[in-house]
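Source file final-v9.pdb; content: PDB, C-alpha atoms, pLDDT in the B column.
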ATOM      1  CA  MET O   1     -23.551  -0.764 -26.889  1.00 40.00           C
ATOM      2  CA  GLU O   2     -22.418  -0.596 -23.255  1.00 42.00           C
ATOM      3  CA  ALA O   3     -22.315   2.919 -21.802  1.00 42.00           C
ATOM      4  CA  ALA O   4     -18.927   4.358 -20.860  1.00 42.00           C
ATOM      5  CA  HIS O   5     -18.375   5.765 -17.382  1.00 41.00           C
ATOM      6  CA  PHE O   6     -15.743   8.333 -16.427  1.00 40.00           C
ATOM      7  CA  PHE O   7     -14.790  10.136 -13.259  1.00 42.00           C
ATOM      8  CA  GLU O   8     -15.372  13.873 -13.420  1.00 44.00           C
ATOM      9  CA  GLY O   9     -11.634  14.557 -13.557  1.00 45.00           C
ATOM     10  CA  THR O  10     -11.205  12.260 -16.543  1.00 48.00           C
ATOM     11  CA  GLU O  11     -14.094  13.941 -18.357  1.00 49.00           C
ATOM     12  CA  LYS O  12     -12.506  17.349 -17.910  1.00 48.00           C
ATOM     13  CA  LEU O  13      -9.115  16.031 -19.009  1.00 47.00           C
ATOM     14  CA  LEU O  14     -10.623  14.585 -22.180  1.00 49.00           C
ATOM     15  CA  GLU O  15     -12.377  17.838 -22.945  1.00 51.00           C
ATOM     16  CA  VAL O  16      -9.170  19.829 -22.541  1.00 49.00           C
ATOM     17  CA  LEU O  17      -7.155  17.392 -24.642  1.00 47.00           C
ATOM     18  CA  PHE O  18      -9.795  17.341 -27.346  1.00 51.00           C
ATOM     19  CA  SER O  19      -9.913  21.138 -27.401  1.00 52.00           C
ATOM     20  CA  TRP O  20      -6.150  21.222 -27.985  1.00 45.00           C
ATOM     21  CA  GLN O  21      -6.597  18.946 -30.966  1.00 49.00           C
ATOM     22  CA  GLN O  22      -9.419  21.115 -32.391  1.00 49.00           C
ATOM     23  CA  PRO O  23      -7.816  24.446 -33.441  1.00 48.00           C
ATOM     24  CA  ASP O  24     -10.736  25.145 -35.754  1.00 50.00           C
ATOM     25  CA  ALA O  25     -13.803  26.144 -33.746  1.00 45.00           C
ATOM     26  CA  ASN O  26     -16.005  24.749 -36.529  1.00 49.00           C
ATOM     27  CA  GLN O  27     -14.731  21.232 -35.795  1.00 48.00           C
ATOM     28  CA  GLY O  28     -16.214  21.050 -32.322  1.00 47.00           C
ATOM     29  CA  SER O  29     -16.547  22.738 -28.974  1.00 48.00           C
ATOM     30  CA  GLY O  30     -14.286  20.383 -27.012  1.00 47.00           C
ATOM     31  CA  HIS O  31     -17.153  19.038 -24.920  1.00 53.00           C
ATOM     32  CA  LEU O  32     -17.085  15.317 -24.180  1.00 53.00           C
ATOM     33  CA  HIS O  33     -20.230  14.562 -26.183  1.00 59.00           C
ATOM     34  CA  THR O  34     -18.532  15.855 -29.351  1.00 64.00           C
ATOM     35  CA  ILE O  35     -15.679  13.331 -29.108  1.00 62.00           C
ATOM     36  CA  PRO O  36     -16.170  10.314 -31.400  1.00 67.00           C
ATOM     37  CA  ARG O  37     -16.218   7.099 -29.365  1.00 64.00           C
ATOM     38  CA  TYR O  38     -13.327   5.575 -31.326  1.00 66.00           C
ATOM     39  CA  LYS O  39     -11.079   8.460 -30.165  1.00 65.00           C
ATOM     40  CA  TRP O  40     -11.695   8.032 -26.430  1.00 62.00           C
ATOM     41  CA  ASP O  41      -9.159   5.243 -25.966  1.00 64.00           C
ATOM     42  CA  ILE O  42      -6.556   7.165 -27.936  1.00 63.00           C
ATOM     43  CA  LEU O  43      -7.073  10.300 -25.856  1.00 60.00           C
ATOM     44  CA  LEU O  44      -6.968   8.366 -22.584  1.00 59.00           C
ATOM     45  CA  LYS O  45      -3.762   6.618 -23.661  1.00 60.00           C
ATOM     46  CA  ASP O  46      -2.174   9.969 -24.531  1.00 54.00           C
ATOM     47  CA  SER O  47      -3.159  11.408 -21.159  1.00 51.00           C
ATOM     48  CA  ARG O  48      -1.409   8.680 -19.126  1.00 53.00           C
ATOM     49  CA  VAL O  49       2.175   9.617 -18.499  1.00 52.00           C
ATOM     50  CA  ILE O  50       4.004   7.470 -15.956  1.00 51.00           C
ATOM     51  CA  ASN O  51       7.471   8.845 -15.377  1.00 63.00           C
ATOM     52  CA  GLN O  52       8.221   7.907 -11.794  1.00 81.00           C
ATOM     53  CA  PRO O  53       8.074   4.478 -10.131  1.00 81.00           C
ATOM     54  CA  ASP O  54       5.123   4.260  -7.773  1.00 86.00           C
ATOM     55  CA  GLN O  55       4.330   1.434  -5.377  1.00 89.00           C
ATOM     56  CA  THR O  56       2.599   1.041  -2.030  1.00 91.00           C
ATOM     57  CA  LEU O  57       2.888  -1.986   0.245  1.00 94.00           C
ATOM     58  CA  GLU O  58       0.539  -2.368   3.205  1.00 94.00           C
ATOM     59  CA  ILE O  59       0.686  -5.043   5.897  1.00 95.00           C
ATOM     60  CA  LEU O  60      -2.319  -5.248   8.221  1.00 96.00           C
ATOM     61  CA  MET O  61      -1.793  -7.451  11.283  1.00 95.00           C
ATOM     62  CA  SER O  62      -4.184  -8.687  13.976  1.00 95.00           C
ATOM     63  CA  GLU O  63      -4.146 -10.980  17.018  1.00 93.00           C
ATOM     64  CA  LEU O  64      -0.775  -9.578  18.064  1.00 94.00           C
ATOM     65  CA  ASP O  65       1.595 -11.099  20.613  1.00 93.00           C
ATOM     66  CA  PRO O  66       0.661  -9.648  24.081  1.00 93.00           C
ATOM     67  CA  ALA O  67       4.307  -9.283  25.068  1.00 92.00           C
ATOM     68  CA  VAL O  68       4.999  -7.178  21.975  1.00 92.00           C
ATOM     69  CA  MET O  69       1.888  -5.068  22.512  1.00 94.00           C
ATOM     70  CA  ASP O  70       2.833  -4.458  26.157  1.00 94.00           C
ATOM     71  CA  GLN O  71       5.643  -2.205  24.905  1.00 92.00           C
ATOM     72  CA  CYS O  72       3.040   0.209  23.541  1.00 93.00           C
ATOM     73  CA  TYR O  73       1.554   1.130  26.924  1.00 93.00           C
ATOM     74  CA  MET O  74       2.623   4.349  28.590  1.00 91.00           C
ATOM     75  CA  LYS O  75       5.037   3.567  31.416  1.00 90.00           C
ATOM     76  CA  TYR O  76       7.039   5.851  33.672  1.00 90.00           C
ATOM     77  CA  GLY O  77      10.362   6.787  32.120  1.00 88.00           C
ATOM     78  CA  ILE O  78       9.660   5.047  28.790  1.00 91.00           C
ATOM     79  CA  THR O  79       9.594   7.229  25.680  1.00 93.00           C
ATOM     80  CA  ALA O  80       8.432   6.645  22.110  1.00 93.00           C
ATOM     81  CA  LYS O  81      12.094   6.532  21.098  1.00 94.00           C
ATOM     82  CA  ASP O  82      12.694   3.722  23.594  1.00 94.00           C
ATOM     83  CA  VAL O  83       9.808   1.715  22.140  1.00 94.00           C
ATOM     84  CA  THR O  84      11.070   2.294  18.595  1.00 95.00           C
ATOM     85  CA  HIS O  85      14.485   0.833  19.460  1.00 95.00           C
ATOM     86  CA  GLU O  86      13.535  -1.903  21.937  1.00 93.00           C
ATOM     87  CA  SER O  87      10.875  -3.298  19.612  1.00 93.00           C
ATOM     88  CA  ARG O  88      13.367  -3.263  16.687  1.00 95.00           C
ATOM     89  CA  ILE O  89      10.983  -1.119  14.640  1.00 96.00           C
ATOM     90  CA  CYS O  90      13.969   1.117  13.876  1.00 95.00           C
ATOM     91  CA  ASP O  91      15.653  -1.766  12.018  1.00 95.00           C
ATOM     92  CA  LEU O  92      12.851  -2.380   9.514  1.00 96.00           C
ATOM     93  CA  ILE O  93      14.033   0.217   6.982  1.00 95.00           C
ATOM     94  CA  PRO O  94      17.565   1.306   7.951  1.00 93.00           C
ATOM     95  CA  GLY O  95      18.799   4.820   7.244  1.00 92.00           C
ATOM     96  CA  SER O  96      15.481   6.479   8.081  1.00 93.00           C
ATOM     97  CA  VAL O  97      14.713   9.556  10.132  1.00 93.00           C
ATOM     98  CA  ILE O  98      11.937   8.493  12.520  1.00 94.00           C
ATOM     99  CA  ASP O  99       9.346  10.573  14.353  1.00 94.00           C
ATOM    100  CA  ALA O 100       7.384   8.459  16.845  1.00 95.00           C
ATOM    101  CA  THR O 101       4.596   9.090  19.366  1.00 94.00           C
ATOM    102  CA  LEU O 102       3.548   7.004  22.388  1.00 94.00           C
ATOM    103  CA  PHE O 103      -0.018   7.707  23.465  1.00 94.00           C
ATOM    104  CA  ASP O 104      -1.539   7.813  26.955  1.00 90.00           C
ATOM    105  CA  PRO O 105      -2.640   5.309  28.163  1.00 92.00           C
ATOM    106  CA  CYS O 106      -1.591   3.212  25.164  1.00 93.00           C
ATOM    107  CA  GLY O 107      -0.962   3.248  21.444  1.00 94.00           C
ATOM    108  CA  TYR O 108       1.959   4.045  19.180  1.00 96.00           C
ATOM    109  CA  SER O 109       2.482   5.733  15.815  1.00 96.00           C
ATOM    110  CA  MET O 110       5.570   6.514  13.785  1.00 94.00           C
ATOM    111  CA  ASN O 111       6.559   8.058  10.490  1.00 94.00           C
ATOM    112  CA  GLY O 112       9.881   7.307   8.824  1.00 94.00           C
ATOM    113  CA  MET O 113      11.553   9.075   5.905  1.00 94.00           C
ATOM    114  CA  LYS O 114      14.702   8.536   3.852  1.00 92.00           C
ATOM    115  CA  SER O 115      16.551  11.089   1.767  1.00 90.00           C
ATOM    116  CA  ASP O 116      15.470   9.362  -1.456  1.00 89.00           C
ATOM    117  CA  GLY O 117      11.777  10.033  -0.736  1.00 89.00           C
ATOM    118  CA  THR O 118      10.979   6.638   0.783  1.00 92.00           C
ATOM    119  CA  TYR O 119       8.364   6.875   3.526  1.00 94.00           C
ATOM    120  CA  TRP O 120       6.976   4.327   5.963  1.00 95.00           C
ATOM    121  CA  THR O 121       4.439   4.542   8.725  1.00 95.00           C
ATOM    122  CA  ILE O 122       3.204   2.289  11.541  1.00 96.00           C
ATOM    123  CA  HIS O 123       0.121   2.578  13.742  1.00 96.00           C
ATOM    124  CA  ILE O 124      -0.414   0.270  16.729  1.00 96.00           C
ATOM    125  CA  THR O 125      -3.561  -0.380  18.751  1.00 94.00           C
ATOM    126  CA  PRO O 126      -2.352  -2.724  21.531  1.00 93.00           C
ATOM    127  CA  GLU O 127      -5.508  -3.569  23.523  1.00 92.00           C
ATOM    128  CA  PRO O 128      -5.813  -7.393  23.586  1.00 88.00           C
ATOM    129  CA  GLU O 129      -9.511  -7.386  22.648  1.00 89.00           C
ATOM    130  CA  PHE O 130      -8.805  -5.780  19.284  1.00 88.00           C
ATOM    131  CA  SER O 131      -5.046  -5.503  18.841  1.00 91.00           C
ATOM    132  CA  CYS O 132      -3.928  -4.470  15.372  1.00 95.00           C
ATOM    133  CA  VAL O 133      -0.925  -3.006  13.598  1.00 96.00           C
ATOM    134  CA  SER O 134      -0.773  -1.326  10.205  1.00 96.00           C
ATOM    135  CA  PHE O 135       2.436  -0.886   8.230  1.00 97.00           C
ATOM    136  CA  GLU O 136       2.690   1.077   4.984  1.00 95.00           C
ATOM    137  CA  THR O 137       5.606   2.055   2.747  1.00 94.00           C
ATOM    138  CA  ASN O 138       6.461   3.173  -0.753  1.00 92.00           C
ATOM    139  CA  LEU O 139       9.920   1.573  -0.526  1.00 93.00           C
ATOM    140  CA  SER O 140      11.060   0.497  -3.988  1.00 90.00           C
ATOM    141  CA  GLN O 141      11.939  -3.212  -4.076  1.00 89.00           C
ATOM    142  CA  THR O 142      12.015  -5.971  -6.660  1.00 87.00           C
ATOM    143  CA  SER O 143      10.682  -8.354  -3.995  1.00 86.00           C
ATOM    144  CA  TYR O 144       9.112  -7.603  -0.613  1.00 90.00           C
ATOM    145  CA  ASN O 145       9.678 -11.063   0.861  1.00 88.00           C
ATOM    146  CA  ASP O 146      12.423  -9.973   3.270  1.00 89.00           C
ATOM    147  CA  LEU O 147      10.611  -6.836   4.416  1.00 93.00           C
ATOM    148  CA  ILE O 148       7.369  -8.694   5.068  1.00 92.00           C
ATOM    149  CA  ARG O 149       9.267 -11.338   7.031  1.00 91.00           C
ATOM    150  CA  LYS O 150      11.013  -8.680   9.150  1.00 94.00           C
ATOM    151  CA  VAL O 151       7.751  -6.875   9.924  1.00 95.00           C
ATOM    152  CA  VAL O 152       6.023 -10.116  10.929  1.00 94.00           C
ATOM    153  CA  GLU O 153       8.972 -11.119  13.123  1.00 93.00           C
ATOM    154  CA  VAL O 154       8.794  -7.805  14.994  1.00 95.00           C
ATOM    155  CA  PHE O 155       5.046  -7.859  15.718  1.00 94.00           C
ATOM    156  CA  LYS O 156       4.310 -11.609  15.822  1.00 93.00           C
ATOM    157  CA  PRO O 157       0.688 -11.471  14.619  1.00 94.00           C
ATOM    158  CA  GLY O 158      -1.714 -14.377  14.570  1.00 93.00           C
ATOM    159  CA  LYS O 159      -3.028 -13.229  11.200  1.00 93.00           C
ATOM    160  CA  PHE O 160      -1.989 -10.701   8.593  1.00 94.00           C
ATOM    161  CA  VAL O 161      -2.875  -9.524   5.104  1.00 93.00           C
ATOM    162  CA  THR O 162      -0.787  -7.682   2.535  1.00 93.00           C
ATOM    163  CA  THR O 163      -1.733  -5.435  -0.354  1.00 91.00           C
ATOM    164  CA  LEU O 164       0.625  -4.208  -3.043  1.00 91.00           C
ATOM    165  CA  PHE O 165      -0.041  -1.588  -5.721  1.00 89.00           C
ATOM    166  CA  ALA O 166       2.696  -0.995  -8.312  1.00 87.00           C
ATOM    167  CA  ASN O 167       2.727   0.942 -11.568  1.00 85.00           C
ATOM    168  CA  GLN O 168       4.494  -0.003 -14.777  1.00 81.00           C
ATOM    169  CA  SER O 169       7.635   1.954 -13.847  1.00 81.00           C
ATOM    170  CA  SER O 170       8.057   0.173 -10.510  1.00 85.00           C
ATOM    171  CA  LYS O 171      10.734  -2.479  -9.978  1.00 81.00           C
ATOM    172  CA  CYS O 172       8.029  -4.903  -8.878  1.00 79.00           C
ATOM    173  CA  HIS O 173       5.450  -4.185 -11.603  1.00 65.00           C
ATOM    174  CA  THR O 174       5.627  -7.756 -12.901  1.00 59.00           C
ATOM    175  CA  VAL O 175       4.878  -9.265  -9.476  1.00 58.00           C
ATOM    176  CA  LEU O 176       1.833 -11.521  -9.575  1.00 50.00           C
ATOM    177  CA  SER O 177       2.100 -13.011  -6.103  1.00 48.00           C
ATOM    178  CA  LEU O 178       3.645 -12.340  -2.731  1.00 49.00           C
ATOM    179  CA  PRO O 179       5.437 -14.987  -0.629  1.00 51.00           C
ATOM    180  CA  GLN O 180       3.397 -18.126  -0.074  1.00 49.00           C
ATOM    181  CA  LYS O 181       6.031 -19.803   2.111  1.00 56.00           C
ATOM    182  CA  THR O 182       6.228 -17.499   5.121  1.00 65.00           C
ATOM    183  CA  GLU O 183       7.807 -19.327   8.049  1.00 69.00           C
ATOM    184  CA  SER O 184       5.226 -20.590  10.601  1.00 81.00           C
ATOM    185  CA  PHE O 185       2.389 -19.098   8.519  1.00 85.00           C
ATOM    186  CA  LYS O 186       0.012 -20.675   6.042  1.00 86.00           C
ATOM    187  CA  GLY O 187      -1.189 -18.729   3.013  1.00 84.00           C
ATOM    188  CA  LEU O 188      -4.993 -18.508   2.997  1.00 86.00           C
ATOM    189  CA  ASP O 189      -5.663 -16.423  -0.074  1.00 85.00           C
ATOM    190  CA  CYS O 190      -3.881 -14.717  -2.935  1.00 85.00           C
ATOM    191  CA  GLN O 191      -5.600 -12.535  -5.514  1.00 85.00           C
ATOM    192  CA  SER O 192      -4.207 -10.266  -8.197  1.00 83.00           C
ATOM    193  CA  ALA O 193      -5.615  -7.791 -10.666  1.00 83.00           C
ATOM    194  CA  LEU O 194      -4.034  -6.081 -13.658  1.00 80.00           C
ATOM    195  CA  PHE O 195      -5.154  -2.575 -14.522  1.00 78.00           C
ATOM    196  CA  SER O 196      -4.052  -0.326 -17.366  1.00 76.00           C
ATOM    197  CA  ASP O 197      -1.386   1.406 -15.270  1.00 78.00           C
ATOM    198  CA  TYR O 198      -1.145  -0.569 -12.036  1.00 82.00           C
ATOM    199  CA  ASN O 199      -0.897  -4.132 -10.769  1.00 84.00           C
ATOM    200  CA  PHE O 200      -2.551  -5.112  -7.495  1.00 87.00           C
ATOM    201  CA  VAL O 201      -1.894  -8.134  -5.273  1.00 88.00           C
ATOM    202  CA  PHE O 202      -3.697  -9.202  -2.087  1.00 89.00           C
ATOM    203  CA  THR O 203      -2.629 -12.054   0.210  1.00 89.00           C
ATOM    204  CA  SER O 204      -3.715 -13.296   3.632  1.00 90.00           C
ATOM    205  CA  PHE O 205      -1.944 -15.540   6.149  1.00 92.00           C
ATOM    206  CA  ALA O 206      -2.606 -17.216   9.512  1.00 91.00           C
ATOM    207  CA  LYS O 207      -0.337 -19.036  11.925  1.00 88.00           C
ATOM    208  CA  LYS O 208      -0.173 -22.716  11.130  1.00 80.00           C
ATOM    209  CA  HIS O 209      -1.151 -23.874  14.617  1.00 73.00           C
ATOM    210  CA  GLN O 210      -4.345 -21.817  14.350  1.00 55.00           C
ATOM    211  CA  GLN O 211      -5.221 -23.650  11.166  1.00 49.00           C
ATOM    212  CA  GLN O 212      -4.683 -27.006  12.863  1.00 51.00           C
ATOM    213  CA  GLN O 213      -6.996 -26.065  15.755  1.00 51.00           C
ATOM    214  CA  SER O 214      -9.810 -24.807  13.520  1.00 50.00           C
TER     215      SER O 214
END

Encoding of this model in structure tokens:
Amino acid sequence: MEAAHFFEGTEKLLEVLFSWQQPDANQGSGHLHTIPRYKWDILLKDSRVINQPDQTLEILMSELDPAVMDQCYMKYGITAKDVTHESRICDLIPGSVIDATLFDPCGYSMNGMKSDGTYWTIHITPEPEFSCVSFETNLSQTSYNDLIRKVVEVFKPGKFVTTLFANQSSKCHTVLSLPQKTESFKGLDCQSALFSDYNFVFTSFAKKHQQQQS
């Protein structure tokens, strides 16, 4: 029989739950080794309580447009707020309070929050040799097609990948794929995995002209 493996936290949770179900000390100590194997799945199922929607979308972009990245260099009289507005970053998730930082000599980071608990964050490394941008949010959406398109239009990457985690309470928990018809981009890969509580989707894209040259 294949051995079962648990994280330490899960082991402790099982022991506590089993102890609660063993009021008579003669029936067992509550230690994991005293739990019959057929009860493990039942106890694990009872311990999973998903009340709130939970989802995380990440977009990782590389080979960024030099003109876009030029905005993220420290220049006299230019503030992080200026970059946030001139780049149209502020329009990605409207209604947010944004705190942004422009680094010396270059680089940009921002954190955005909405009153409903939605967060989003962006980090930019603009140097042409290794330019990259990361975008992350827990924004609740049935589909992320429009948001992904808006992010890509702002930063104009040569390549990008997306990852999406969503639990069973999320609006997008039934999503098995992300957009495969992104304008001017060709989908390279799409993989999904279904876990007991979460779904996961990974996709990667490259500009079509880059595919033609390769």

Handout entry: Neighbours of point (4.3, -7.0, 24.3) within 12 Å, using all atoms listed in the file, written as a PyMOL selection string
Key = chain O and resi 63-73+83+86-87+106-107+124-128+131+154-157

Practice task
For the structure shown, which residues end up in the PyMOL selection byres ((chain O and resi 137) around 9)? Put them as JSON, numbers by chain, please?
Solution key: {"O": [55, 56, 57, 58, 118, 119, 120, 121, 135, 136, 138, 139, 140]}

Exercise for the section: Could you jot down the CA of Glu153 in chain O to CA of Lys207 in chain O separation for me, Å, one decimal place? Expected result: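 CA of Glu153 in chain O sits 12.3 Å away from CA of Lys207 in chain O.
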
Exercise for the section: Write out as a PyMOL selection string the residues lying within 9 Å of range 110-115 of chain O, counting only C-alpha atoms and excluding same-chain residues fewer than 4 positions away. Expected result: chain O and resi 80+84+90+93-102+119-123

Handout entry: Answer key for the PyMOL selection byres ((chain O and resi 143) around 9), residues as a PyMOL selection string
Key = chain O and resi 140-142+144-147+171-172+175+178

Practice task
Would you mind reading off the distance between CA of Asn199 in chain O and CA of Gln168 in chain O, one decimal, in Å?
Solution key: 7.9 Å

Problem - Atom-to-atom span, CA of Val152 in chain O and CA of Met61 in chain O, Å - result: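 If I compute the distance from CA of Val152 in chain O to CA of Met61 in chain O, I get 8.3 Å.
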
Practice task
Give the answer as one residue: which of O:Tyr76, O:Ile89, O:Lys208, O:Val201 has the shortest atom-to-atom distance to Gly187 in chain O, using only C-alpha atoms?
Solution key: O:Lys208

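Distances to Phe205 in chain O were evaluated for O:Leu60, O:Pro53, O:Cys132, O:Gly77 using all atoms listed in the file, and the minimum falls at O:Leu60.
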
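Among the candidates O:Asp91, O:Phe130, O:Gly158, O:Asp54, the one nearest to Ser184 in chain O when counting all atoms listed in the file is O:Gly158.
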
Handout entry: Long-range neighbours of Phe202 in chain O as a list in words, 9 Å cut-off, all atoms listed in the file, 2 positions minimum in chain
Key =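 Within the cut-off, the hits are Val161, Thr162, Thr163, Leu164, Ser177, Leu178, Asp189, Cys190, Gln191, Ser192, Ala193, Phe200 and Ser204 of chain O.
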